[in-house]
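Written below as structure tokens is the structure these notes are about.
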Amino acid sequence: MVIRVFIHFLVVVILTTLTQVGGIVYLICLISKRKLQLSVAKSLATFFVIYLVSTFLLIPLLSQLGDRRPLPIFGKLRPLTFWTIALNRHYVNTELKDISIEIANQFSEEYPGSKINYLDANFPFFRGFPLPPHLSHDDGKKLDLAFSYFKRGERSNSAPSIIGYGVYESPMETEINYPDICQKQGYWQYGFIGNLIPKWDSEQYVVDQERTSFIINELLAKSDISKIFIEPHLKQRWGFDRENKIRFHGCQAVRHDDHIHFQIK
């Protein structure tokens, strides 16, 4: 009995950590299973139905009460992976959503056919609720964007990482190397995502500096954007040395030579 309770508790914690609302859905299904005497298969089916209905219909409506809105699923601004949507990690406040869509439209006009892929944003509810493994994605004001890439020499709308993180544009020998500095200082987590992500065809990809820099310049032009995080060696390499909005995120975070983080005031 104690072991069973502990397992249910652990599942609730994991689902809540990953999706914010999954733990609640699990508890609803657990109660339904006991009340209606459902089989395990029917309980699992009930969980997925309730979770999907909540994710795509109910949560987008309720989140607006706290000024959290889902980013687009299709179009010029889109998630790199569908899991961002499935895990409810694509919510921002109204201002950030409008800014992101505007930049994506400008990007598409400059580079017809090109899309901006977003990564993690925020959960739909409650200021201060953490979005693991991020330290600051908890108020609806932060968003990560994937770099733009060439694939086999052609401009691509895909990325070398299945989740957008973990395939790094590493420092050259002549550039400042914060991944090495942070690791030597004991910050083991700084590059740990890179050890988890498969590198199946990453050699086919090269960062498109022109398109990626265009996105950064558009972010810099928005007065309501207060900070942009990219790795210091890329800030130098791409010619943004004098841009005070572009800052080092600190060794307590994770590497930012695989994505752009930005936030509004």
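So you can find residues: chains in the structure tokens are A, B, ... in the order shown, residues in each start at 1, and ligands are numbered from 1 in order.
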
DSSP-assigned alpha helix (DSSP H) members of region 184-231 of chain A, reported as number ranges by chain
A: 184, 193-196, 209-221

If we count only C-alpha atoms and set the cut-off at 12 Å, which residues sit around Ile59 (chain A), ignoring sequence neighbours fewer than 4 positions away in its own chain? Please answer as a list in words.
Thr19, Gln20, Val21, Gly22, Ile50, Tyr51, Leu52, Val53, Ser54, Thr55, Ser63, Gln64, Leu65, Gly66, Arg68, Arg69, Pro70, Ile85, Ala86, Leu87, Asn88, Arg89, His90, Tyr91, Phe123, Pro124 and Phe125 of chain A

Could you please take those selected residues and save C-alpha atoms as a short mmCIF file (atom, residue, chain, number, x, y, z; two decimals), in the first residue's frame?
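Saved file result.cif follows:
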data_model
loop_
_atom_site.label_atom_id
_atom_site.label_comp_id
_atom_site.auth_asym_id
_atom_site.auth_seq_id
_atom_site.Cartn_x
_atom_site.Cartn_y
_atom_site.Cartn_z
CA THR A 19 3.75 19.68 -18.04
CA GLN A 20 2.41 21.67 -15.07
CA VAL A 21 -1.10 20.23 -15.48
CA GLY A 22 -0.42 16.53 -16.07
CA ILE A 50 -8.50 14.37 -20.88
CA TYR A 51 -4.92 15.58 -21.21
CA LEU A 52 -5.18 16.28 -24.93
CA VAL A 53 -8.57 18.00 -24.62
CA SER A 54 -7.16 20.12 -21.79
CA THR A 55 -3.96 20.95 -23.69
CA SER A 63 -4.42 30.74 -19.32
CA GLN A 64 -5.70 34.07 -20.66
CA LEU A 65 -7.00 34.90 -17.19
CA GLY A 66 -3.37 35.35 -16.18
CA ARG A 68 -0.62 33.78 -20.81
CA ARG A 69 -1.28 32.93 -24.44
CA PRO A 70 -0.08 30.01 -26.57
CA ILE A 85 3.09 22.02 -27.43
CA ALA A 86 2.29 18.63 -25.92
CA LEU A 87 4.13 19.57 -22.72
CA ASN A 88 2.49 23.04 -22.47
CA ARG A 89 5.83 24.86 -22.71
CA HIS A 90 4.73 27.40 -25.35
CA TYR A 91 2.98 30.11 -23.33
CA PHE A 123 4.00 27.20 -18.62
CA PRO A 124 0.39 28.45 -18.89
CA PHE A 125 -0.24 29.26 -15.21
#

Residue contacts of Gly128 (chain A) (12 Å, only C-alpha atoms) excluding same-chain residues fewer than 6 positions away, as a PyMOL selection string:
chain A and resi 122+134-141

Name the residues in contact with Arg247 (chain A) at a cut-off of 12 Å, using only C-alpha atoms, excluding same-chain residues fewer than 4 positions from it; report them as a PyMOL selection string.
chain A and resi 220+226-236+240-243+256+260-263

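Considering the residues A:Tyr190, A:Trp200, A:Trp238, A:Phe129 and counting only C-alpha atoms, Gln252 (chain A) has its shortest atom-to-atom contact with A:Tyr190.
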
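A straight line drawn from CA of Asp98 (chain A) to CA of Lys265 (chain A) is 14.2 Å long.
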
Rank nothing, just name the residue among A:Leu196, A:Ala221, A:Cys182, A:Val40 nearest to Gly250 (chain A), using only C-alpha atoms.
A:Cys182

Taking only C-alpha atoms into account, which of A:Ile73, A:Pro132, A:Ser39, A:Ile163 comes nearest Ile14 (chain A)?
A:Pro132

Need to verify the contact set: region 215-218 of chain A, 9 Å, only C-alpha atoms, exclusion of same-chain residues closer than 4 positions in sequence. Can you return it as JSON, numbers by chain?
{"A": [103, 104, 106, 107, 116, 147, 210, 211, 222, 228, 260]}

Quick one: residues within 10 Å of region 151-157 of chain A, only C-alpha atoms, excluding same-chain residues fewer than 3 positions away - as a PDB file with N, CA and C atoms, in the first residue's frame?
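Produced file part.pdb, reproduced below:
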ATOM      1  N   LEU A  80       9.810  24.120 -32.886  1.00  0.00           N
ATOM      2  CA  LEU A  80      10.720  23.212 -33.572  1.00  0.00           C
ATOM      3  C   LEU A  80      10.242  21.775 -33.445  1.00  0.00           C
ATOM      4  N   TYR A 111      13.525  36.807 -45.841  1.00  0.00           N
ATOM      5  CA  TYR A 111      13.969  35.514 -46.356  1.00  0.00           C
ATOM      6  C   TYR A 111      12.744  34.664 -46.667  1.00  0.00           C
ATOM      7  N   GLY A 113      10.046  32.078 -47.346  1.00  0.00           N
ATOM      8  CA  GLY A 113      10.045  30.646 -47.084  1.00  0.00           C
ATOM      9  C   GLY A 113      10.694  30.257 -45.774  1.00  0.00           C
ATOM     10  N   SER A 114      11.397  31.196 -45.137  1.00  0.00           N
ATOM     11  CA  SER A 114      12.071  30.891 -43.877  1.00  0.00           C
ATOM     12  C   SER A 114      11.117  31.036 -42.702  1.00  0.00           C
ATOM     13  N   LYS A 115      11.276  30.154 -41.721  1.00  0.00           N
ATOM     14  CA  LYS A 115      10.462  30.166 -40.508  1.00  0.00           C
ATOM     15  C   LYS A 115      11.363  30.389 -39.296  1.00  0.00           C
ATOM     16  N   ILE A 116      10.786  30.951 -38.250  1.00  0.00           N
ATOM     17  CA  ILE A 116      11.471  31.012 -36.964  1.00  0.00           C
ATOM     18  C   ILE A 116      10.932  29.890 -36.094  1.00  0.00           C
ATOM     19  N   ASN A 117      11.839  29.061 -35.608  1.00  0.00           N
ATOM     20  CA  ASN A 117      11.464  27.963 -34.723  1.00  0.00           C
ATOM     21  C   ASN A 117      11.676  28.383 -33.275  1.00  0.00           C
ATOM     22  N   ALA A 146      15.438  28.948 -31.802  1.00  0.00           N
ATOM     23  CA  ALA A 146      16.506  28.166 -32.411  1.00  0.00           C
ATOM     24  C   ALA A 146      17.304  29.034 -33.377  1.00  0.00           C
ATOM     25  N   PHE A 147      18.572  28.702 -33.545  1.00  0.00           N
ATOM     26  CA  PHE A 147      19.360  29.314 -34.604  1.00  0.00           C
ATOM     27  C   PHE A 147      18.791  28.893 -35.968  1.00  0.00           C
ATOM     28  N   SER A 148      19.141  29.656 -36.998  1.00  0.00           N
ATOM     29  CA  SER A 148      18.851  29.249 -38.370  1.00  0.00           C
ATOM     30  C   SER A 148      20.056  28.492 -38.922  1.00  0.00           C
ATOM     31  N   PRO A 160      19.790  20.812 -36.109  1.00  0.00           N
ATOM     32  CA  PRO A 160      20.526  19.566 -35.896  1.00  0.00           C
ATOM     33  C   PRO A 160      20.133  18.820 -34.628  1.00  0.00           C
ATOM     34  N   ASP A 201      22.729  13.420 -37.546  1.00  0.00           N
ATOM     35  CA  ASP A 201      23.105  14.065 -38.811  1.00  0.00           C
ATOM     36  C   ASP A 201      23.543  15.507 -38.577  1.00  0.00           C
ATOM     37  N   SER A 202      24.056  15.785 -37.386  1.00  0.00           N
ATOM     38  CA  SER A 202      24.413  17.168 -37.061  1.00  0.00           C
ATOM     39  C   SER A 202      25.530  17.700 -37.954  1.00  0.00           C
ATOM     40  N   GLU A 203      26.359  16.798 -38.507  1.00  0.00           N
ATOM     41  CA  GLU A 203      27.449  17.246 -39.373  1.00  0.00           C
ATOM     42  C   GLU A 203      26.923  17.832 -40.676  1.00  0.00           C
ATOM     43  N   GLN A 204      25.664  17.595 -40.994  1.00  0.00           N
ATOM     44  CA  GLN A 204      25.070  18.139 -42.208  1.00  0.00           C
ATOM     45  C   GLN A 204      24.624  19.594 -42.041  1.00  0.00           C
ATOM     46  N   TYR A 205      24.650  20.071 -40.795  1.00  0.00           N
ATOM     47  CA  TYR A 205      24.153  21.409 -40.491  1.00  0.00           C
ATOM     48  C   TYR A 205      25.293  22.387 -40.219  1.00  0.00           C
ATOM     49  N   VAL A 206      25.094  23.607 -40.682  1.00  0.00           N
ATOM     50  CA  VAL A 206      25.994  24.720 -40.384  1.00  0.00           C
ATOM     51  C   VAL A 206      25.124  25.916 -40.020  1.00  0.00           C
ATOM     52  N   VAL A 207      25.486  26.621 -38.958  1.00  0.00           N
ATOM     53  CA  VAL A 207      24.707  27.793 -38.556  1.00  0.00           C
ATOM     54  C   VAL A 207      24.683  28.823 -39.674  1.00  0.00           C
ATOM     55  N   ASP A 208      23.502  29.321 -39.981  1.00  0.00           N
ATOM     56  CA  ASP A 208      23.339  30.396 -40.963  1.00  0.00           C
ATOM     57  C   ASP A 208      23.483  31.711 -40.203  1.00  0.00           C
ATOM     58  N   ARG A 211      21.040  34.782 -41.326  1.00  0.00           N
ATOM     59  CA  ARG A 211      19.645  34.746 -40.868  1.00  0.00           C
ATOM     60  C   ARG A 211      19.550  34.821 -39.341  1.00  0.00           C
TER      61      ARG A 211
END

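Put simply, CA of Glu110 (chain A) is 27.5 Å away from CA of Ser170 (chain A).
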
What's the 10 Å shell around Ile24 (chain A), counting only C-alpha atoms, without same-chain residues fewer than 4 positions away, as number ranges by chain?
A: 12-13, 15-16, 20, 28-30, 51

Same residues, C-alpha atoms, output as a CSV table (one decimal), in the first residue's frame:
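Written out: again.csv:
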chain,number,residue,atom,x,y,z
A,12,VAL,CA,2.1,13.2,-10.0
A,13,VAL,CA,5.4,15.0,-9.3
A,15,LEU,CA,3.9,15.0,-14.7
A,16,THR,CA,3.6,18.3,-12.9
A,20,GLN,CA,2.4,21.7,-15.1
A,28,ILE,CA,-8.6,12.9,-11.9
A,29,CYS,CA,-8.1,9.7,-13.8
A,30,LEU,CA,-7.0,7.9,-10.6
A,51,TYR,CA,-4.9,15.6,-21.2
